[in-house]
Amino acid sequence: MKVAIIGGGGREHVIALKISESNLLNELFILPGNPGTEKLGTNVPIKSDDINGIVKFCTENKIELVIIGPEKPLTMGLAEGLIENDIKVFGPTKAAARIEGEKSFAKNLMMKYNIPTASFKVFHKENYDDALNYLKRVSYPIVIKADGIASGKGVIIPETYEDAKEAVKECFVNSSFGKAGEKIVIEEYMTGQEASVFAITDGNDFVLLPAAQDHKRIFDGDKGKNTGGMGAYAPTPFVNENDYKIISDKIIKPTLEALNENKSKFVGCLYCGLMMTSEGPKVVEFNCRFGDPETQVVLPLISGDFLELLFSASNGNINKNSISIENKTSVCVVLASKGYPDKVEKGIEIFGIDDANKCENISIIHAGTKKLNNKILTDGGRVLNIVGTINSNNLKLCKEITYNALSKINFDGMQYRKDIADKAIN
Ligand code: AMP
Ligand code: GLY
C-alpha cells in the first residue's frame, strides 16, 4: 500500500514509526515530515495546510491511504478534497471536525445527547453585557473558552469576577484570539485527574486505546502557562475498567451516533479529553485527531497491524482484531526551546541525539527539528520527544530510563519538565 502522512511533528514521526512495522506498507510519504521521518519514508516539502498541493500530490502519486495528523487541514476540509479524488482518508471531514473546531458545537451536542460534561453557557460578542451579568452570578474559579481553535491558548480560568471580566474583554474587545474568540463558552470548573482517550473509528464502530495522561503546563507541579503538552505517560491508573466502560458506552458511542445523526459521520481518531471527577468521567474537550504527545506513549503499547486498523477504519469497516494491547508502559518527555510556549529562537544546534538513541528501550522522536549540513538544529517550540517503553507496568522504572536517555541530549536554552508521570508514581 502507498501511504501518505500529513504533518511534521512528533505525533507524525511516531505514527510513521508504527506503520513502518506493517507488512501492508509498500511506500511511505510524509508531507512535510521532519529529520526523524526521513529515515522511515520520503519527506515531501508540502506544508500540511496546503490543501491543493496535498490533493495534487496524492492524486498524481496514486496514494491509497492518507493519514492526517494536525487539526488545521482537517478543519479546512482536506479529507473531502481527497475523498472526491477517490483516495481513502484516515481523518474526519470538515463537518465532523467541528467537534474540535467549534467548542459551542461540541458542548451543544453533548447537552442534547446527555453526554457527561461541565455545565455551560455560550455567549456571542453581541451579548457582551449578558456575559458579564452571568459572570456576576457564578461561583469561582470558572472556565472561559474561545469558541474556535486558538493554538491551545484559548482557555482562561479566572479566580475572581474582576479577572473574568478582563478575560471576556480580551476576547470581545481586544480580539486577542481573533475570530476564534468572538464567541465564548463559559463553563463550570471541574476537579480531578485529567486523561486522554483515543477512539479509532470508522464512524459507527470503534476501538478504544489505553488512556494517557498529558502534562499541559510548562513548569513542574502544573505551574505556568498552558502548552501543547510537555510530556505524557500511558496507561494511566486514573482510568479503571469501570471508567473505560463509561467512556465507551456513555461518551464515545453516543457522540459518534450524534455526529451520524448530524450528517457528519466521524472517521478517524476521536480524541476525548476527560476529567475523572468524583461523579465519574466528564468530557473536557474533543479533538478530531491524535493527541501530541499522547500518541507517543499510546502507540508503543499496541501490537499487531496498526496500518490495517487505520485502513479498515477509513474503508468504513473497521477490523478491531488487527491490533491488541500489550502489558507495557511508556513515558514521553518533551524537550522545548527557550521561551516556549511564547516566542522562541530557532536554529540552535542539538547535541547527543545519537548517544540517546543507543539507550535500550528508547526512541528519540523529532518534533521541531531541521537538518542543515548534517547537523540537527532546533526548529520550533517543542523540539524532541524522549520516549521510553518497557515490558511491565513499572512506571517508576520507565520514568528512570527515559530521563537517563534525556540526560545525553542538550541544546542551548533547552527546557523540560522533571515530574512527568509523578502523579501516578506517587
Ligand atoms: P482544553 O483546551 O479544552 O483542553 O483546555 C485546556 C486545559 O484547561 C485542560 O487540559 C484543563 O486542564 C483545563 N480545563 C479546561 N476546561 C476545564 C474545566 N471545565 N474545568 C477544569 N479545567 C478545565
Ligand atoms: N496534547 C494535547 C493535544 O494534543 O491537544
# chains A, B, ... in the order shown; residues from 1 in each chain; ligands from 1

$ residues_near_ligand --ligand "ligand 2" --cutoff "9 Å" --atoms "only C-alpha atoms and all ligand atoms" --output "JSON, numbers by chain"
{"A": [11, 70, 151, 152, 196, 213, 214, 215, 216, 227, 228, 229, 230, 231, 232, 271, 273, 286, 287, 289, 290, 291, 292, 293, 294, 295]}

$ residues_near_ligand --ligand "ligand 1" --cutoff "6 Å" --atoms "only C-alpha atoms and all ligand atoms" --output "list of chain:residue names"
A:Ala118, A:Val143, A:Gly152, A:Val155, A:Glu187, A:Glu188, A:Tyr189, A:Met190, A:Thr191, A:Val284, A:Glu285

$ write_last_selection --atoms "N, CA and C atoms" --output "tab-separated table (two decimals), in the first residue's frame"
chain	number	residue	atom	x	y	z
A	118	ALA	N	-18.98	19.43	31.71
A	118	ALA	CA	-19.24	20.56	32.60
A	118	ALA	C	-20.45	21.35	32.10
A	143	VAL	N	-14.46	28.69	34.06
A	143	VAL	CA	-13.64	28.45	32.86
A	143	VAL	C	-14.22	29.21	31.67
A	152	GLY	N	-4.23	26.12	21.45
A	152	GLY	CA	-4.10	25.66	22.84
A	152	GLY	C	-4.07	26.78	23.87
A	155	VAL	N	-8.03	28.92	26.57
A	155	VAL	CA	-8.75	28.58	27.80
A	155	VAL	C	-8.22	29.43	28.95
A	187	GLU	N	-17.87	27.83	31.26
A	187	GLU	CA	-18.30	26.55	31.83
A	187	GLU	C	-17.81	26.33	33.26
A	188	GLU	N	-18.51	25.43	33.90
A	188	GLU	CA	-18.22	25.03	35.29
A	188	GLU	C	-16.80	24.49	35.39
A	189	TYR	N	-16.12	24.82	36.49
A	189	TYR	CA	-14.77	24.32	36.74
A	189	TYR	C	-14.86	22.93	37.35
A	190	MET	N	-14.18	21.98	36.72
A	190	MET	CA	-14.22	20.59	37.22
A	190	MET	C	-12.90	20.27	37.90
A	191	THR	N	-12.94	19.38	38.89
A	191	THR	CA	-11.68	18.96	39.52
A	191	THR	C	-11.54	17.44	39.39
A	284	VAL	N	-13.80	17.11	28.92
A	284	VAL	CA	-13.23	18.47	28.92
A	284	VAL	C	-13.28	19.02	27.51
A	285	GLU	N	-12.87	18.19	26.56
A	285	GLU	CA	-12.89	18.60	25.16
A	285	GLU	C	-12.79	17.38	24.27

$ closest_residue --among "A:Val298, A:Leu17, A:Leu395, A:Ile68" --to "Val267 of chain A" --atoms "only C-alpha atoms"
A:Ile68

$ select_by_dssp --residues "segment 176-284 of chain A" --states "strand (DSSP E or B)" --output "PDB file with N, CA and C atoms, in the first residue's frame"
ATOM      1  N   LYS A 183     -16.929  34.296  19.899  1.00  0.00           N
ATOM      2  CA  LYS A 183     -17.939  33.551  20.650  1.00  0.00           C
ATOM      3  C   LYS A 183     -17.168  32.886  21.787  1.00  0.00           C
ATOM      4  N   ILE A 184     -17.768  32.817  22.976  1.00  0.00           N
ATOM      5  CA  ILE A 184     -17.078  32.131  24.074  1.00  0.00           C
ATOM      6  C   ILE A 184     -18.005  31.122  24.751  1.00  0.00           C
ATOM      7  N   VAL A 185     -17.391  30.138  25.368  1.00  0.00           N
ATOM      8  CA  VAL A 185     -18.130  29.193  26.196  1.00  0.00           C
ATOM      9  C   VAL A 185     -17.685  29.465  27.630  1.00  0.00           C
ATOM     10  N   ILE A 186     -18.651  29.679  28.515  1.00  0.00           N
ATOM     11  CA  ILE A 186     -18.318  29.819  29.940  1.00  0.00           C
ATOM     12  C   ILE A 186     -18.794  28.549  30.615  1.00  0.00           C
ATOM     13  N   GLU A 187     -17.872  27.831  31.258  1.00  0.00           N
ATOM     14  CA  GLU A 187     -18.298  26.552  31.834  1.00  0.00           C
ATOM     15  C   GLU A 187     -17.810  26.329  33.262  1.00  0.00           C
ATOM     16  N   GLU A 188     -18.508  25.431  33.897  1.00  0.00           N
ATOM     17  CA  GLU A 188     -18.224  25.030  35.287  1.00  0.00           C
ATOM     18  C   GLU A 188     -16.797  24.490  35.389  1.00  0.00           C
ATOM     19  N   GLN A 193      -8.356  14.145  38.199  1.00  0.00           N
ATOM     20  CA  GLN A 193      -7.219  13.862  37.317  1.00  0.00           C
ATOM     21  C   GLN A 193      -7.699  13.956  35.865  1.00  0.00           C
ATOM     22  N   GLU A 194      -6.807  14.440  34.992  1.00  0.00           N
ATOM     23  CA  GLU A 194      -7.152  14.500  33.575  1.00  0.00           C
ATOM     24  C   GLU A 194      -6.610  13.276  32.849  1.00  0.00           C
ATOM     25  N   ALA A 195      -7.306  12.860  31.809  1.00  0.00           N
ATOM     26  CA  ALA A 195      -6.839  11.733  30.994  1.00  0.00           C
ATOM     27  C   ALA A 195      -7.252  11.952  29.547  1.00  0.00           C
ATOM     28  N   SER A 196      -6.503  11.359  28.642  1.00  0.00           N
ATOM     29  CA  SER A 196      -6.838  11.437  27.208  1.00  0.00           C
ATOM     30  C   SER A 196      -7.066  10.026  26.684  1.00  0.00           C
ATOM     31  N   VAL A 197      -8.203   9.828  26.020  1.00  0.00           N
ATOM     32  CA  VAL A 197      -8.507   8.516  25.443  1.00  0.00           C
ATOM     33  C   VAL A 197      -8.788   8.680  23.961  1.00  0.00           C
ATOM     34  N   PHE A 198      -8.169   7.829  23.140  1.00  0.00           N
ATOM     35  CA  PHE A 198      -8.389   7.880  21.688  1.00  0.00           C
ATOM     36  C   PHE A 198      -9.335   6.759  21.280  1.00  0.00           C
ATOM     37  N   ALA A 199     -10.340   7.120  20.456  1.00  0.00           N
ATOM     38  CA  ALA A 199     -11.191   6.101  19.846  1.00  0.00           C
ATOM     39  C   ALA A 199     -10.872   6.089  18.356  1.00  0.00           C
ATOM     40  N   ILE A 200     -10.457   4.927  17.863  1.00  0.00           N
ATOM     41  CA  ILE A 200     -10.212   4.774  16.420  1.00  0.00           C
ATOM     42  C   ILE A 200     -11.518   4.275  15.838  1.00  0.00           C
ATOM     43  N   THR A 201     -12.070   5.022  14.876  1.00  0.00           N
ATOM     44  CA  THR A 201     -13.431   4.711  14.446  1.00  0.00           C
ATOM     45  C   THR A 201     -13.641   4.798  12.936  1.00  0.00           C
ATOM     46  N   PHE A 206     -15.916   1.250  16.918  1.00  0.00           N
ATOM     47  CA  PHE A 206     -14.649   1.874  17.318  1.00  0.00           C
ATOM     48  C   PHE A 206     -13.845   0.977  18.242  1.00  0.00           C
ATOM     49  N   VAL A 207     -12.546   1.261  18.355  1.00  0.00           N
ATOM     50  CA  VAL A 207     -11.678   0.640  19.364  1.00  0.00           C
ATOM     51  C   VAL A 207     -11.149   1.754  20.251  1.00  0.00           C
ATOM     52  N   LEU A 208     -11.151   1.511  21.564  1.00  0.00           N
ATOM     53  CA  LEU A 208     -10.550   2.476  22.490  1.00  0.00           C
ATOM     54  C   LEU A 208      -9.108   2.069  22.735  1.00  0.00           C
ATOM     55  N   ALA A 212      -4.033   7.858  28.341  1.00  0.00           N
ATOM     56  CA  ALA A 212      -2.754   8.507  28.658  1.00  0.00           C
ATOM     57  C   ALA A 212      -3.027   9.726  29.526  1.00  0.00           C
ATOM     58  N   GLN A 213      -1.980  10.198  30.212  1.00  0.00           N
ATOM     59  CA  GLN A 213      -2.115  11.478  30.923  1.00  0.00           C
ATOM     60  C   GLN A 213      -1.070  12.444  30.372  1.00  0.00           C
ATOM     61  N   ASP A 214      -1.563  13.584  29.909  1.00  0.00           N
ATOM     62  CA  ASP A 214      -0.722  14.649  29.355  1.00  0.00           C
ATOM     63  C   ASP A 214      -0.297  15.586  30.497  1.00  0.00           C
ATOM     64  N   ARG A 217       0.888  22.089  31.430  1.00  0.00           N
ATOM     65  CA  ARG A 217       1.552  23.335  31.841  1.00  0.00           C
ATOM     66  C   ARG A 217       3.049  23.255  31.600  1.00  0.00           C
ATOM     67  N   ILE A 218       3.665  24.399  31.452  1.00  0.00           N
ATOM     68  CA  ILE A 218       5.083  24.465  31.096  1.00  0.00           C
ATOM     69  C   ILE A 218       6.006  24.020  32.242  1.00  0.00           C
ATOM     70  N   PHE A 219       5.634  24.320  33.495  1.00  0.00           N
ATOM     71  CA  PHE A 219       6.554  24.045  34.611  1.00  0.00           C
ATOM     72  C   PHE A 219       6.105  22.866  35.479  1.00  0.00           C
ATOM     73  N   LYS A 223       2.529  24.181  36.993  1.00  0.00           N
ATOM     74  CA  LYS A 223       2.594  25.638  37.152  1.00  0.00           C
ATOM     75  C   LYS A 223       2.881  26.280  35.780  1.00  0.00           C
ATOM     76  N   GLY A 224       2.566  27.575  35.695  1.00  0.00           N
ATOM     77  CA  GLY A 224       2.895  28.324  34.483  1.00  0.00           C
ATOM     78  C   GLY A 224       1.853  28.168  33.392  1.00  0.00           C
ATOM     79  N   LYS A 225       2.221  28.612  32.191  1.00  0.00           N
ATOM     80  CA  LYS A 225       1.258  28.680  31.084  1.00  0.00           C
ATOM     81  C   LYS A 225       0.895  27.315  30.514  1.00  0.00           C
ATOM     82  N   ASN A 226      -0.251  27.261  29.845  1.00  0.00           N
ATOM     83  CA  ASN A 226      -0.645  26.077  29.098  1.00  0.00           C
ATOM     84  C   ASN A 226       0.212  25.943  27.846  1.00  0.00           C
ATOM     85  N   GLY A 231       4.692  16.456  28.097  1.00  0.00           N
ATOM     86  CA  GLY A 231       5.066  15.073  28.355  1.00  0.00           C
ATOM     87  C   GLY A 231       3.830  14.269  28.669  1.00  0.00           C
ATOM     88  N   ALA A 232       3.944  12.953  28.613  1.00  0.00           N
ATOM     89  CA  ALA A 232       2.797  12.086  28.854  1.00  0.00           C
ATOM     90  C   ALA A 232       3.292  10.708  29.259  1.00  0.00           C
ATOM     91  N   TYR A 233       2.365   9.919  29.801  1.00  0.00           N
ATOM     92  CA  TYR A 233       2.667   8.515  30.055  1.00  0.00           C
ATOM     93  C   TYR A 233       1.379   7.726  29.844  1.00  0.00           C
ATOM     94  N   ALA A 234       1.547   6.423  29.601  1.00  0.00           N
ATOM     95  CA  ALA A 234       0.386   5.544  29.431  1.00  0.00           C
ATOM     96  C   ALA A 234       0.798   4.124  29.790  1.00  0.00           C
ATOM     97  N   GLY A 268     -11.886   8.439  11.830  1.00  0.00           N
ATOM     98  CA  GLY A 268     -10.539   8.866  12.228  1.00  0.00           C
ATOM     99  C   GLY A 268     -10.291   8.563  13.690  1.00  0.00           C
ATOM    100  N   CYS A 269      -9.534   9.445  14.339  1.00  0.00           N
ATOM    101  CA  CYS A 269      -9.254   9.292  15.761  1.00  0.00           C
ATOM    102  C   CYS A 269     -10.034  10.364  16.512  1.00  0.00           C
ATOM    103  N   LEU A 270     -11.007   9.946  17.284  1.00  0.00           N
ATOM    104  CA  LEU A 270     -11.736  10.888  18.135  1.00  0.00           C
ATOM    105  C   LEU A 270     -11.011  10.924  19.475  1.00  0.00           C
ATOM    106  N   TYR A 271     -10.438  12.080  19.774  1.00  0.00           N
ATOM    107  CA  TYR A 271      -9.643  12.259  20.996  1.00  0.00           C
ATOM    108  C   TYR A 271     -10.574  12.812  22.053  1.00  0.00           C
ATOM    109  N   CYS A 272     -10.676  12.113  23.165  1.00  0.00           N
ATOM    110  CA  CYS A 272     -11.549  12.570  24.228  1.00  0.00           C
ATOM    111  C   CYS A 272     -10.692  12.995  25.417  1.00  0.00           C
ATOM    112  N   GLY A 273     -10.707  14.299  25.715  1.00  0.00           N
ATOM    113  CA  GLY A 273     -10.011  14.830  26.886  1.00  0.00           C
ATOM    114  C   GLY A 273     -10.976  14.762  28.057  1.00  0.00           C
ATOM    115  N   LEU A 274     -10.587  14.077  29.124  1.00  0.00           N
ATOM    116  CA  LEU A 274     -11.527  13.798  30.217  1.00  0.00           C
ATOM    117  C   LEU A 274     -11.055  14.358  31.539  1.00  0.00           C
ATOM    118  N   MET A 275     -12.023  14.667  32.404  1.00  0.00           N
ATOM    119  CA  MET A 275     -11.725  14.948  33.809  1.00  0.00           C
ATOM    120  C   MET A 275     -12.346  13.791  34.583  1.00  0.00           C
ATOM    121  N   MET A 276     -11.527  13.099  35.386  1.00  0.00           N
ATOM    122  CA  MET A 276     -12.037  11.982  36.177  1.00  0.00           C
ATOM    123  C   MET A 276     -12.564  12.580  37.485  1.00  0.00           C
ATOM    124  N   THR A 277     -13.823  13.007  37.489  1.00  0.00           N
ATOM    125  CA  THR A 277     -14.392  13.698  38.645  1.00  0.00           C
ATOM    126  C   THR A 277     -14.957  12.694  39.648  1.00  0.00           C
ATOM    127  N   GLY A 280     -17.553  10.651  38.246  1.00  0.00           N
ATOM    128  CA  GLY A 280     -17.202   9.822  37.089  1.00  0.00           C
ATOM    129  C   GLY A 280     -16.555  10.654  35.993  1.00  0.00           C
ATOM    130  N   PRO A 281     -16.190  10.015  34.860  1.00  0.00           N
ATOM    131  CA  PRO A 281     -15.519  10.739  33.787  1.00  0.00           C
ATOM    132  C   PRO A 281     -16.434  11.761  33.118  1.00  0.00           C
ATOM    133  N   LYS A 282     -15.912  12.977  32.912  1.00  0.00           N
ATOM    134  CA  LYS A 282     -16.663  14.010  32.178  1.00  0.00           C
ATOM    135  C   LYS A 282     -15.763  14.575  31.083  1.00  0.00           C
ATOM    136  N   VAL A 283     -16.366  14.963  29.976  1.00  0.00           N
ATOM    137  CA  VAL A 283     -15.586  15.460  28.832  1.00  0.00           C
ATOM    138  C   VAL A 283     -15.109  16.888  29.076  1.00  0.00           C
ATOM    139  N   VAL A 284     -13.797  17.111  28.917  1.00  0.00           N
ATOM    140  CA  VAL A 284     -13.232  18.471  28.924  1.00  0.00           C
ATOM    141  C   VAL A 284     -13.285  19.022  27.508  1.00  0.00           C
TER     142      VAL A 284
END

$ residues_around --residues "Asn260 of chain A" --least-positions-apart "5" --cutoff "8 Å" --atoms "only C-alpha atoms" --output "list of chain:residue names"
A:Gly203, A:Lys265, A:Phe266

$ decode --residues "segment 366-378 of chain A" --atoms "all heavy atoms" --output "PDB file, in the first residue's frame"
ATOM      1  N   HIS A 366      11.419  13.129  16.684  1.00  0.00           N
ATOM      2  CA  HIS A 366      11.634  14.526  16.271  1.00  0.00           C
ATOM      3  C   HIS A 366      10.305  15.269  16.194  1.00  0.00           C
ATOM      4  O   HIS A 366       9.335  14.750  15.666  1.00  0.00           O
ATOM      5  CB  HIS A 366      12.315  14.568  14.900  1.00  0.00           C
ATOM      6  CG  HIS A 366      13.749  14.141  14.943  1.00  0.00           C
ATOM      7  ND1 HIS A 366      14.791  14.997  14.697  1.00  0.00           N
ATOM      8  CD2 HIS A 366      14.307  12.935  15.233  1.00  0.00           C
ATOM      9  CE1 HIS A 366      15.938  14.343  14.822  1.00  0.00           C
ATOM     10  NE2 HIS A 366      15.668  13.081  15.141  1.00  0.00           N
ATOM     11  N   ALA A 367      10.276  16.488  16.722  1.00  0.00           N
ATOM     12  CA  ALA A 367       9.050  17.296  16.674  1.00  0.00           C
ATOM     13  C   ALA A 367       9.333  18.584  15.915  1.00  0.00           C
ATOM     14  O   ALA A 367       8.844  18.780  14.806  1.00  0.00           O
ATOM     15  CB  ALA A 367       8.556  17.568  18.082  1.00  0.00           C
ATOM     16  N   GLY A 368      10.163  19.457  16.468  1.00  0.00           N
ATOM     17  CA  GLY A 368      10.522  20.699  15.778  1.00  0.00           C
ATOM     18  C   GLY A 368      12.020  20.744  15.563  1.00  0.00           C
ATOM     19  O   GLY A 368      12.730  21.429  16.302  1.00  0.00           O
ATOM     20  N   THR A 369      12.499  19.977  14.572  1.00  0.00           N
ATOM     21  CA  THR A 369      13.937  19.983  14.259  1.00  0.00           C
ATOM     22  C   THR A 369      14.120  20.183  12.763  1.00  0.00           C
ATOM     23  O   THR A 369      13.190  19.970  11.983  1.00  0.00           O
ATOM     24  CB  THR A 369      14.616  18.653  14.636  1.00  0.00           C
ATOM     25  OG1 THR A 369      14.087  17.618  13.809  1.00  0.00           O
ATOM     26  CG2 THR A 369      14.421  18.304  16.105  1.00  0.00           C
ATOM     27  N   LYS A 370      15.305  20.576  12.363  1.00  0.00           N
ATOM     28  CA  LYS A 370      15.657  20.560  10.939  1.00  0.00           C
ATOM     29  C   LYS A 370      17.113  20.159  10.795  1.00  0.00           C
ATOM     30  O   LYS A 370      17.897  20.254  11.754  1.00  0.00           O
ATOM     31  CB  LYS A 370      15.378  21.913  10.287  1.00  0.00           C
ATOM     32  CG  LYS A 370      16.317  23.009  10.700  1.00  0.00           C
ATOM     33  CD  LYS A 370      16.038  24.271   9.906  1.00  0.00           C
ATOM     34  CE  LYS A 370      16.834  25.424  10.513  1.00  0.00           C
ATOM     35  NZ  LYS A 370      16.270  26.726  10.243  1.00  0.00           N
ATOM     36  N   LYS A 371      17.440  19.673   9.584  1.00  0.00           N
ATOM     37  CA  LYS A 371      18.799  19.204   9.331  1.00  0.00           C
ATOM     38  C   LYS A 371      19.489  20.219   8.439  1.00  0.00           C
ATOM     39  O   LYS A 371      18.907  20.671   7.448  1.00  0.00           O
ATOM     40  CB  LYS A 371      18.703  17.859   8.608  1.00  0.00           C
ATOM     41  CG  LYS A 371      19.887  16.963   8.815  1.00  0.00           C
ATOM     42  CD  LYS A 371      19.502  15.584   8.311  1.00  0.00           C
ATOM     43  CE  LYS A 371      20.712  14.725   8.070  1.00  0.00           C
ATOM     44  NZ  LYS A 371      20.309  13.437   7.513  1.00  0.00           N
ATOM     45  N   LEU A 372      20.707  20.584   8.813  1.00  0.00           N
ATOM     46  CA  LEU A 372      21.472  21.518   7.982  1.00  0.00           C
ATOM     47  C   LEU A 372      22.942  21.102   8.056  1.00  0.00           C
ATOM     48  O   LEU A 372      23.493  21.004   9.155  1.00  0.00           O
ATOM     49  CB  LEU A 372      21.278  22.948   8.501  1.00  0.00           C
ATOM     50  CG  LEU A 372      21.694  24.068   7.567  1.00  0.00           C
ATOM     51  CD1 LEU A 372      20.703  24.213   6.416  1.00  0.00           C
ATOM     52  CD2 LEU A 372      21.784  25.390   8.336  1.00  0.00           C
ATOM     53  N   ASN A 373      23.553  20.835   6.922  1.00  0.00           N
ATOM     54  CA  ASN A 373      24.962  20.391   6.870  1.00  0.00           C
ATOM     55  C   ASN A 373      25.240  19.260   7.858  1.00  0.00           C
ATOM     56  O   ASN A 373      26.227  19.284   8.586  1.00  0.00           O
ATOM     57  CB  ASN A 373      25.916  21.550   7.183  1.00  0.00           C
ATOM     58  CG  ASN A 373      25.706  22.711   6.241  1.00  0.00           C
ATOM     59  OD1 ASN A 373      25.370  22.489   5.073  1.00  0.00           O
ATOM     60  ND2 ASN A 373      25.854  23.929   6.740  1.00  0.00           N
ATOM     61  N   ASN A 374      24.350  18.278   7.858  1.00  0.00           N
ATOM     62  CA  ASN A 374      24.494  17.113   8.741  1.00  0.00           C
ATOM     63  C   ASN A 374      24.413  17.413  10.236  1.00  0.00           C
ATOM     64  O   ASN A 374      24.780  16.582  11.059  1.00  0.00           O
ATOM     65  CB  ASN A 374      25.778  16.345   8.434  1.00  0.00           C
ATOM     66  CG  ASN A 374      25.516  15.356   7.323  1.00  0.00           C
ATOM     67  OD1 ASN A 374      24.434  14.760   7.272  1.00  0.00           O
ATOM     68  ND2 ASN A 374      26.461  15.220   6.414  1.00  0.00           N
ATOM     69  N   LYS A 375      23.959  18.611  10.569  1.00  0.00           N
ATOM     70  CA  LYS A 375      23.721  18.919  11.976  1.00  0.00           C
ATOM     71  C   LYS A 375      22.199  18.967  12.194  1.00  0.00           C
ATOM     72  O   LYS A 375      21.460  19.340  11.283  1.00  0.00           O
ATOM     73  CB  LYS A 375      24.299  20.292  12.325  1.00  0.00           C
ATOM     74  CG  LYS A 375      25.814  20.303  12.401  1.00  0.00           C
ATOM     75  CD  LYS A 375      26.296  21.694  12.694  1.00  0.00           C
ATOM     76  CE  LYS A 375      27.820  21.700  12.797  1.00  0.00           C
ATOM     77  NZ  LYS A 375      28.363  23.049  12.795  1.00  0.00           N
ATOM     78  N   ILE A 376      21.765  18.613  13.399  1.00  0.00           N
ATOM     79  CA  ILE A 376      20.340  18.736  13.719  1.00  0.00           C
ATOM     80  C   ILE A 376      20.164  20.006  14.550  1.00  0.00           C
ATOM     81  O   ILE A 376      20.816  20.200  15.575  1.00  0.00           O
ATOM     82  CB  ILE A 376      19.818  17.505  14.495  1.00  0.00           C
ATOM     83  CG1 ILE A 376      20.029  16.209  13.691  1.00  0.00           C
ATOM     84  CG2 ILE A 376      18.345  17.683  14.844  1.00  0.00           C
ATOM     85  CD1 ILE A 376      19.147  16.051  12.464  1.00  0.00           C
ATOM     86  N   LEU A 377      19.268  20.881  14.063  1.00  0.00           N
ATOM     87  CA  LEU A 377      19.028  22.170  14.711  1.00  0.00           C
ATOM     88  C   LEU A 377      17.598  22.248  15.232  1.00  0.00           C
ATOM     89  O   LEU A 377      16.709  21.556  14.725  1.00  0.00           O
ATOM     90  CB  LEU A 377      19.249  23.312  13.711  1.00  0.00           C
ATOM     91  CG  LEU A 377      20.561  23.310  12.906  1.00  0.00           C
ATOM     92  CD1 LEU A 377      20.587  24.495  11.943  1.00  0.00           C
ATOM     93  CD2 LEU A 377      21.773  23.346  13.832  1.00  0.00           C
ATOM     94  N   THR A 378      17.381  23.110  16.222  1.00  0.00           N
ATOM     95  CA  THR A 378      16.015  23.335  16.703  1.00  0.00           C
ATOM     96  C   THR A 378      15.239  24.104  15.638  1.00  0.00           C
ATOM     97  O   THR A 378      15.804  24.919  14.916  1.00  0.00           O
ATOM     98  CB  THR A 378      15.993  24.139  18.014  1.00  0.00           C
ATOM     99  OG1 THR A 378      16.490  25.460  17.752  1.00  0.00           O
ATOM    100  CG2 THR A 378      16.848  23.493  19.087  1.00  0.00           C
TER     101      THR A 378
END
